[in-house]
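Shown next: work35.csv, given as CSV, C-alpha atoms.
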```
chain,number,residue,atom,x,y,z
Y,1,MET,CA,79.0,59.0,125.1
Y,2,GLU,CA,78.2,55.3,125.3
Y,3,GLN,CA,75.8,54.4,122.6
Y,4,PHE,CA,75.2,50.8,123.6
Y,5,ASP,CA,74.8,49.3,127.1
Y,6,CYS,CA,76.3,45.9,128.2
Y,7,GLY,CA,73.3,44.1,126.9
Y,8,GLY,CA,73.9,45.5,123.4
Y,9,HIS,CA,70.9,47.9,123.5
Y,10,LEU,CA,70.9,51.6,122.9
Y,11,THR,CA,71.4,53.7,126.0
Y,12,ASP,CA,68.8,56.2,127.2
Y,13,GLU,CA,71.4,58.9,126.8
Y,14,VAL,CA,71.8,58.2,123.1
Y,15,LEU,CA,68.1,58.0,122.5
Y,16,LEU,CA,67.6,61.4,124.2
Y,17,CYS,CA,70.5,62.9,122.1
Y,18,LEU,CA,68.8,61.6,119.0
Y,19,ILE,CA,65.5,63.2,120.0
Y,20,ARG,CA,67.0,66.5,121.0
Y,21,GLU,CA,69.0,66.4,117.7
Y,22,ALA,CA,72.2,66.8,119.5
Y,23,PRO,CA,75.3,66.8,117.2
Y,24,MET,CA,76.1,63.2,116.3
Y,25,ASP,CA,78.4,62.0,113.6
Y,26,GLU,CA,77.1,60.0,110.6
Y,27,LEU,CA,78.6,56.7,111.7
Y,28,ALA,CA,76.9,56.9,115.1
Y,29,ARG,CA,73.5,57.7,113.4
Y,30,LEU,CA,74.1,54.7,111.1
Y,31,GLU,CA,74.8,52.4,114.0
Y,32,ILE,CA,71.6,53.6,115.8
Y,33,ALA,CA,69.5,53.2,112.6
Y,34,GLU,CA,71.0,49.7,112.1
Y,35,HIS,CA,70.1,48.7,115.6
Y,36,LEU,CA,66.5,50.2,115.4
Y,37,ALA,CA,66.0,48.3,112.2
Y,38,TYR,CA,66.0,45.0,114.1
Y,39,CYS,CA,65.6,45.6,117.8
Y,40,ASP,CA,62.0,45.7,118.9
Y,41,ILE,CA,62.8,46.8,122.5
Y,42,CYS,CA,64.8,49.9,121.5
Y,43,LEU,CA,62.3,50.8,118.7
Y,44,GLN,CA,59.5,50.7,121.3
Y,45,ARG,CA,61.5,52.8,123.7
Y,46,TYR,CA,62.3,55.3,121.0
Y,47,THR,CA,58.8,55.7,119.7
Y,48,GLU,CA,57.5,56.0,123.3
Y,49,LEU,CA,60.0,58.8,123.9
Y,50,LEU,CA,58.9,60.4,120.6
Y,51,ALA,CA,55.2,60.3,121.8
Y,52,ASP,CA,56.1,62.8,124.5
Y,53,THR,CA,57.9,65.2,122.3
Y,54,PRO,CA,56.6,67.7,119.6
Y,55,LEU,CA,56.9,66.1,116.2
Y,56,LEU,CA,58.3,67.8,113.1
Y,57,THR,CA,56.2,68.7,110.1
Y,58,PRO,CA,57.5,68.0,106.7
Y,59,GLY,CA,57.8,70.9,104.2
Y,60,ARG,CA,55.8,69.0,101.6
Y,61,SER,CA,53.3,66.3,102.6
Y,62,CYS,CA,53.7,63.0,100.8
Y,63,GLN,CA,50.0,62.3,100.8
Y,64,ASP,CA,49.3,63.6,97.3
Y,65,THR,CA,52.6,62.6,95.7
Y,66,LEU,CA,52.5,59.1,97.1
Y,67,TRP,CA,49.3,58.3,95.0
Y,68,GLN,CA,50.9,59.8,91.9
Y,69,LYS,CA,54.0,57.8,92.5
Y,70,LEU,CA,52.0,54.6,92.9
Y,71,ARG,CA,50.0,55.3,89.7
Y,72,ARG,CA,53.2,55.9,87.8
Y,73,ARG,CA,54.7,52.7,89.1
Y,74,THR,CA,51.6,50.7,88.1
Y,75,ILE,CA,51.7,52.2,84.6
Y,76,ARG,CA,55.3,51.4,84.3
Y,77,ILE,CA,54.8,47.8,85.4
Y,78,VAL,CA,51.8,47.2,83.1
Y,79,THR,CA,53.5,48.9,80.1
Y,80,SER,CA,56.6,46.8,80.5
Y,81,ARG,CA,54.6,43.6,80.9
Y,82,TYR,CA,52.6,44.4,77.7
Y,83,ALA,CA,55.7,45.5,75.8
Y,84,THR,CA,57.4,42.1,76.7
Y,85,ALA,CA,54.3,40.2,75.6
Y,86,ALA,CA,54.1,42.2,72.4
Y,87,ALA,CA,57.8,41.6,71.7
Y,88,ALA,CA,57.4,37.9,72.3
Y,89,VAL,CA,54.4,37.6,69.9
Y,90,THR,CA,56.2,39.6,67.2
Y,91,LEU,CA,59.2,37.4,67.5
Y,92,ALA,CA,57.1,34.2,67.3
Y,93,LEU,CA,55.1,35.5,64.3
Y,94,THR,CA,58.3,36.6,62.6
Y,95,MET,CA,59.9,33.2,63.1
Y,96,LEU,CA,56.8,31.4,61.9
Y,97,TRP,CA,56.4,33.6,58.9
Y,98,SER,CA,60.1,33.2,57.9
Y,99,SER,CA,60.0,29.4,58.3
Y,100,THR,CA,56.9,29.0,56.1
Y,101,ALA,CA,57.9,31.6,53.5
Y,102,LEU,CA,61.2,30.1,52.5
Y,103,PRO,CA,61.1,28.9,48.9
Y,104,GLY,CA,61.6,25.2,48.1
Y,105,GLN,CA,60.8,24.1,51.6
Y,106,GLY,CA,57.0,24.0,51.3
Y,107,GLU,CA,56.5,20.3,50.7
Y,108,GLU,CA,59.2,19.2,53.2
Y,109,HIS,CA,57.7,21.5,55.8
Y,110,HIS,CA,54.2,20.0,55.1
Y,111,ARG,CA,55.5,16.5,55.4
Y,112,PHE,CA,57.3,17.3,58.6
Y,113,LEU,CA,54.2,18.8,60.1
Y,114,GLN,CA,52.1,15.7,59.1
Y,115,GLU,CA,54.6,13.4,60.7
Y,116,ALA,CA,54.8,15.4,63.8
Y,117,GLY,CA,50.9,15.5,64.0
Y,118,SER,CA,50.6,11.7,63.5
Y,119,ALA,CA,53.2,11.0,66.2
Y,120,VAL,CA,51.4,13.2,68.7
Y,121,THR,CA,48.0,11.5,67.8
Y,122,GLU,CA,49.7,8.0,68.4
Y,123,ARG,CA,51.0,9.1,71.7
Y,124,VAL,CA,47.7,10.6,72.9
Y,125,ARG,CA,45.9,7.4,71.8
Y,126,SER,CA,48.2,5.2,73.8
Y,127,LEU,CA,47.7,7.2,77.0
Y,128,PRO,CA,44.4,5.6,78.2
Y,129,SER,CA,45.9,2.1,77.9
Y,130,ARG,CA,49.0,3.2,79.7
Y,131,TRP,CA,46.9,4.7,82.5
Y,132,ASN,CA,45.0,1.4,82.7
Y,133,ASP,CA,48.2,-0.6,82.9
Y,134,SER,CA,49.7,1.6,85.6
Y,135,LEU,CA,46.4,1.6,87.6
Y,136,SER,CA,46.0,-2.1,87.5
Y,137,GLY,CA,49.7,-2.5,88.4
Y,138,ALA,CA,49.2,-0.3,91.5
Y,139,LEU,CA,46.0,-2.2,92.5
Y,140,SER,CA,47.8,-5.5,92.3
Y,141,ASP,CA,50.6,-4.1,94.4
Y,142,ILE,CA,48.1,-3.0,97.1
Y,143,ASN,CA,46.5,-6.5,97.0
Y,144,LEU,CA,49.8,-8.1,97.4
Y,145,PHE,CA,50.6,-5.8,100.4
Y,146,PHE,CA,47.4,-6.7,102.1
Y,147,ASP,CA,47.9,-10.4,101.4
Y,148,THR,CA,51.4,-10.2,103.0
Y,149,ILE,CA,49.9,-8.5,106.1
Y,150,GLY,CA,47.1,-11.0,106.3
Y,151,GLY,CA,49.5,-13.9,106.3
Y,152,ASN,CA,47.7,-17.3,106.3
Y,153,ARG,CA,44.3,-15.8,107.3
Y,154,PRO,CA,41.4,-17.0,105.1
Y,155,GLN,CA,40.4,-14.3,102.6
Y,156,THR,CA,37.3,-12.3,103.6
Y,157,ASN,CA,36.0,-10.6,100.6
Y,158,GLN,CA,33.0,-9.3,102.4
Y,159,GLY,CA,32.5,-7.9,105.9
Y,160,GLY,CA,30.5,-9.5,108.7
Y,161,THR,CA,32.6,-12.4,109.6
Y,162,HIS,CA,32.0,-12.2,113.3
Y,163,SER,CA,32.7,-15.4,115.1
G,1,MET,CA,43.1,48.2,103.2
G,2,THR,CA,41.2,50.8,101.1
G,3,LYS,CA,42.8,53.9,99.7
G,4,ASP,CA,40.9,56.1,102.2
G,5,ALA,CA,42.0,53.9,105.2
G,6,PHE,CA,45.6,54.1,104.1
G,7,SER,CA,45.3,57.9,103.6
G,8,GLN,CA,44.0,58.1,107.2
G,9,LEU,CA,46.9,56.0,108.4
G,10,MET,CA,49.3,58.2,106.5
G,11,ALA,CA,47.8,61.4,108.0
G,12,GLN,CA,48.1,59.9,111.5
G,13,TYR,CA,51.7,58.8,111.3
G,14,GLU,CA,53.3,61.1,108.6
G,15,ARG,CA,54.8,63.5,111.2
G,16,LEU,CA,56.1,60.6,113.4
G,17,ILE,CA,57.8,59.0,110.4
G,18,TYR,CA,59.2,62.2,109.1
G,19,THR,CA,60.6,62.9,112.6
G,20,ILE,CA,62.3,59.5,112.8
G,21,CYS,CA,63.8,60.0,109.3
G,22,PHE,CA,64.9,63.5,110.1
G,23,GLN,CA,66.5,62.6,113.4
G,24,LEU,CA,68.5,59.8,111.8
G,25,VAL,CA,69.6,61.5,108.5
G,26,ARG,CA,69.5,65.2,109.6
G,27,ASP,CA,68.5,66.5,106.2
G,28,PRO,CA,64.9,67.8,105.6
G,29,GLY,CA,64.8,67.0,101.9
G,30,ILE,CA,66.2,63.4,102.3
G,31,ALA,CA,63.9,62.9,105.3
G,32,GLU,CA,60.9,63.9,103.1
G,33,ASP,CA,61.9,61.4,100.4
G,34,LEU,CA,62.5,58.7,103.0
G,35,THR,CA,59.0,59.3,104.5
G,36,GLN,CA,57.5,58.9,101.1
G,37,GLU,CA,59.5,55.7,100.5
G,38,THR,CA,58.4,54.4,103.9
G,39,PHE,CA,54.7,54.8,103.1
G,40,LEU,CA,55.2,53.4,99.6
G,41,SER,CA,56.8,50.3,101.1
G,42,ALA,CA,54.0,50.1,103.7
G,43,TYR,CA,51.3,50.4,101.0
G,44,LEU,CA,52.9,47.7,98.9
G,45,HIS,CA,53.4,45.3,101.8
G,46,GLN,CA,50.3,46.2,103.8
G,47,ASP,CA,49.2,42.6,104.0
G,48,THR,CA,52.1,42.0,106.5
G,49,MET,CA,51.1,44.9,108.7
G,50,PRO,CA,50.3,43.6,112.2
G,51,ALA,CA,46.9,45.0,113.4
G,52,GLY,CA,47.3,47.3,116.4
G,53,TYR,CA,51.1,47.7,115.9
G,54,GLU,CA,51.0,50.1,113.0
G,55,ARG,CA,53.3,52.7,114.8
G,56,GLN,CA,56.0,50.1,115.5
G,57,TRP,CA,55.7,48.6,112.0
G,58,LEU,CA,56.0,52.0,110.2
G,59,GLY,CA,58.8,53.0,112.6
G,60,ARG,CA,60.7,49.9,111.7
G,61,ILE,CA,60.3,50.6,107.9
G,62,ALA,CA,61.5,54.2,108.5
G,63,ALA,CA,64.6,53.1,110.4
G,64,ASN,CA,65.4,50.6,107.7
G,65,LYS,CA,65.1,53.3,105.0
G,66,ALA,CA,67.3,55.7,107.0
G,67,LYS,CA,69.8,52.9,107.6
G,68,ASP,CA,70.0,52.1,103.8
G,69,HIS,CA,70.5,55.8,103.0
G,70,LEU,CA,73.2,56.3,105.7
G,71,GLN,CA,74.9,53.0,104.7
G,72,SER,CA,75.2,54.0,101.0
G,73,ALA,CA,76.3,57.5,102.0
G,74,TYR,CA,78.9,56.1,104.4
G,75,HIS,CA,80.1,53.6,101.9
G,76,CYS,CA,80.5,56.2,99.1
G,77,ARG,CA,82.6,58.3,101.5
G,78,THR,CA,84.8,55.5,102.8
G,79,VAL,CA,85.5,53.8,99.5
G,80,LEU,CA,88.2,55.8,97.6
G,81,PRO,CA,87.4,56.9,94.1
G,82,GLY,CA,88.6,54.3,91.7
G,83,ASP,CA,88.8,51.5,94.3
G,84,GLU,CA,85.4,50.1,93.3
G,85,GLY,CA,86.7,49.3,89.9
G,86,LEU,CA,89.6,47.2,91.1
G,87,PRO,CA,89.3,43.4,90.6
G,88,PRO,CA,89.1,41.4,93.8
G,89,GLY,CA,92.6,39.9,94.6
G,90,LEU,CA,93.3,36.4,95.5
G,91,ALA,CA,95.3,37.4,98.6
G,92,PRO,CA,93.4,37.8,101.9
G,93,PRO,CA,92.3,41.3,102.8
G,94,ALA,CA,95.0,43.5,104.1
G,95,GLU,CA,93.3,43.9,107.5
G,96,GLU,CA,93.2,40.1,108.0
G,97,VAL,CA,96.9,39.8,107.2
G,98,ALA,CA,97.7,42.6,109.6
G,99,LEU,CA,95.5,41.0,112.3
G,100,ARG,CA,97.3,37.7,111.8
G,101,ARG,CA,100.7,39.3,112.0
G,102,SER,CA,99.9,41.2,115.1
G,103,GLY,CA,99.6,38.1,117.2
G,104,ALA,CA,96.7,36.4,119.0
G,105,ALA,CA,97.3,38.2,122.3
G,106,ASP,CA,97.4,41.7,120.7
G,107,LEU,CA,94.4,40.8,118.6
G,108,ALA,CA,92.3,39.7,121.5
G,109,GLY,CA,93.3,42.9,123.3
G,110,PHE,CA,92.3,45.1,120.3
G,111,ILE,CA,89.0,43.3,119.9
G,112,HIS,CA,88.1,43.6,123.6
G,113,SER,CA,88.8,47.3,123.4
G,114,LEU,CA,86.4,47.8,120.5
G,115,LYS,CA,83.1,49.6,121.2
G,116,GLU,CA,79.7,48.0,120.8
G,117,PRO,CA,78.2,46.8,118.5
G,118,TYR,CA,81.5,45.7,117.0
G,119,ARG,CA,83.1,44.0,120.0
G,120,LEU,CA,80.8,41.0,120.3
G,121,VAL,CA,80.6,40.5,116.5
G,122,CYS,CA,84.4,40.5,116.1
G,123,GLN,CA,84.9,38.4,119.2
G,124,LEU,CA,82.6,35.7,117.8
G,125,CYS,CA,83.7,35.8,114.2
G,126,LEU,CA,87.5,36.6,114.6
G,127,LEU,CA,88.4,35.0,117.9
G,128,GLU,CA,86.0,32.2,118.2
G,129,GLU,CA,85.9,31.7,114.4
G,130,LYS,CA,82.1,31.5,114.2
G,131,SER,CA,80.4,32.1,110.9
G,132,PRO,CA,78.4,35.2,110.5
G,133,GLU,CA,75.2,33.1,110.4
G,134,GLU,CA,76.2,31.5,113.8
G,135,ALA,CA,77.0,35.0,115.2
G,136,ALA,CA,73.7,36.3,114.0
G,137,LEU,CA,71.9,33.5,115.7
G,138,ALA,CA,73.8,34.0,119.0
G,139,LEU,CA,73.4,37.8,119.0
G,140,GLY,CA,69.8,37.9,117.6
G,141,ARG,CA,70.8,40.2,114.8
G,142,PRO,CA,70.2,39.9,111.1
G,143,VAL,CA,73.0,38.2,109.1
G,144,LYS,CA,73.3,41.2,106.8
G,145,THR,CA,73.8,43.4,109.8
G,146,ILE,CA,76.5,41.0,111.2
G,147,HIS,CA,78.3,41.2,107.8
G,148,THR,CA,78.3,45.0,107.8
G,149,GLN,CA,79.3,45.3,111.5
G,150,LEU,CA,82.1,42.7,111.0
G,151,SER,CA,83.4,44.7,108.0
G,152,ARG,CA,83.3,48.0,109.9
G,153,GLY,CA,84.8,46.3,113.0
G,154,LYS,CA,87.7,45.0,110.9
G,155,ARG,CA,88.2,48.5,109.5
G,156,LEU,CA,88.3,49.9,113.1
G,157,LEU,CA,90.9,47.2,114.1
G,158,ARG,CA,93.0,48.1,111.1
G,159,GLU,CA,92.9,51.8,111.9
G,160,GLN,CA,93.9,50.9,115.5
G,161,LEU,CA,96.8,48.7,114.3
G,162,GLU,CA,98.0,51.4,112.0
G,163,ARG,CA,97.9,54.0,114.7
G,164,ARG,CA,99.9,51.7,117.0
G,165,LYS,CA,102.4,51.0,114.3
G,166,GLN,CA,102.9,54.7,113.7
G,167,ASP,CA,103.4,55.3,117.4
G,168,GLY,CA,105.9,52.4,117.4
G,169,THR,CA,104.2,50.4,120.0
G,170,VAL,CA,103.6,47.4,117.8
```
As structure tokens:
Amino acid sequence: MEQFDCGGHLTDEVLLCLIREAPMDELARLEIAEHLAYCDICLQRYTELLADTPLLTPGRSCQDTLWQKLRRRTIRIVTSRYATAAAAVTLALTMLWSSTALPGQGEEHHRFLQEAGSAVTERVRSLPSRWNDSLSGALSDINLFFDTIGGNRPQTNQGGTHS
Amino acid sequence: MTKDAFSQLMAQYERLIYTICFQLVRDPGIAEDLTQETFLSAYLHQDTMPAGYERQWLGRIAANKAKDHLQSAYHCRTVLPGDEGLPPGLAPPAEEVALRRSGAADLAGFIHSLKEPYRLVCQLCLLEEKSPEEAALALGRPVKTIHTQLSRGKRLLREQLERRKQDGTV
């Protein structure tokens, strides 16, 4: 039995065999499933053929179990997220506690923190002046650009120079 | 989509999806599991569901689920126990060596005698030396499918070569 036609699509014969549940080896069914997974035309043909045939009924409906499964999945995700966050907080607290609780390092630690704090304050203070510098630099660049385009034209600071 | 709307969708298409899964895997228990997995995926990716094409969209997911199941079952059966633990060698795969030794003319003959969907894939990748990505583009198939079809095609070629060798015709 030819499974695929010359155009690479499933033959009518193979689709009918599938629907009639005719004996078919595993590789053949895998090839059909592989093709149906990407070919819109054959999937359409297959579902249209199925519409004319009596459908099978599953032994156990998945309608109830699906919601249970979804609930379990959500709980698992949330639990793992909280567990990760809790582990991270515990680790951070442990490290903080062990670094401050070491004997003989109290003063050094305090000095280090003070130095670090003043360095951060310096940096934050210098930010507005830096922004000003970069902004004025950018504006002067723009002015220069327009001057270059304007060439020898007299400067017109205000509009309304109709001649 | 609300829970009620999705339940309605499930009630409408459950039998169709089960039928598709059963016809592909031929096992009622596995078909039930795959039906559930199909609706689970559909619920989790419902934002990509095209309005008015629910049947096609669900059918595509079901075919994908059945394909994945059959692929893993087929792989388990064709890989010999213990083979999966072997480290990958530096030498080219045995089937490629065999294909090279058999000569270009023989090889072309073997490839042309392959059945679809392997013939075109092997022709493009082995004879015309196209990459799987280029073959995927030319044939309109996903790259992953090209890779599996190429690997299965090579296995078919190797089997064919071994058969010929045993018969003494090569």
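The space between atom CA of G:Gln123 and atom CA of G:Ala63 spans 26.6 Å.
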> Could you write out as a PyMOL selection string the residues of chain G within 7 Å of chain Y, counting only C-alpha atoms?
Replying inline: chain G and resi 15-16+18-19+23-24+32+36+40+56+60+63-64+66-67+70-71+116-117+141
> How many Å lie between atom CA of Y:Arg72 and atom CA of G:Asp68, rounded to one decimal?
Replying inline: 23.5 Å
>> I'd like to know which of G:Leu58, G:Leu150, G:Leu120, G:Leu44 is closest to G:Pro132, using only C-alpha atoms.
In response: G:Leu150
Surrounding residues of G:Ser113 excluding itself and chain neighbours under 5 positions, 12 Å, all atoms listed in the file, as a short mmCIF file (atom, residue, chain, number, x, y, z; two decimals) with C-alpha atoms, in the frame of the given file:
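Generated output (part_24.cif):
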```cif
data_model
loop_
_atom_site.label_atom_id
_atom_site.label_comp_id
_atom_site.auth_asym_id
_atom_site.auth_seq_id
_atom_site.Cartn_x
_atom_site.Cartn_y
_atom_site.Cartn_z
CA ASP G 106 97.40 41.70 120.70
CA LEU G 107 94.40 40.80 118.60
CA ALA G 108 92.30 39.70 121.50
CA TYR G 118 81.50 45.70 117.00
CA ARG G 119 83.10 44.00 120.00
CA LEU G 120 80.80 41.00 120.30
CA CYS G 122 84.40 40.50 116.10
CA GLN G 123 84.90 38.40 119.20
CA GLY G 153 84.80 46.30 113.00
CA LEU G 156 88.30 49.90 113.10
CA LEU G 157 90.90 47.20 114.10
CA GLN G 160 93.90 50.90 115.50
#
```
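For the residues G:Ala42, G:Leu126, G:Ala51, G:Cys76, ranking by smallest atom-to-atom distance to G:Ser7 using only C-alpha atoms places G:Ala42 first.
Neighbours of G:Ala62 closer than or equal to 8 Å, with all atoms listed in the file counted and sequence neighbours fewer than 3 positions away skipped, come out as Ile17, Ile20, Cys21, Leu34, Thr35, Thr38, Leu58, Gly59, Lys65 and Ala66 of chain G.
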List as a PDB file with C-alpha atoms, in the coordinates of the input the protein and nucleic acid residues near G:Asp47, meaning an atom at most 12 Å away when all atoms listed in the file are counted, but skip any in the same chain fewer than 4 places from it.
```pdb
ATOM      1  CA  MET G   1      43.100  48.200 103.200  1.00  0.00           C
ATOM      2  CA  THR G   2      41.200  50.800 101.100  1.00  0.00           C
ATOM      3  CA  SER G  41      56.800  50.300 101.100  1.00  0.00           C
ATOM      4  CA  ALA G  42      54.000  50.100 103.700  1.00  0.00           C
ATOM      5  CA  TYR G  43      51.300  50.400 101.000  1.00  0.00           C
ATOM      6  CA  ALA G  51      46.900  45.000 113.400  1.00  0.00           C
ATOM      7  CA  GLU G  54      51.000  50.100 113.000  1.00  0.00           C
ATOM      8  CA  TRP G  57      55.700  48.600 112.000  1.00  0.00           C
TER       9      TRP G  57
END
```
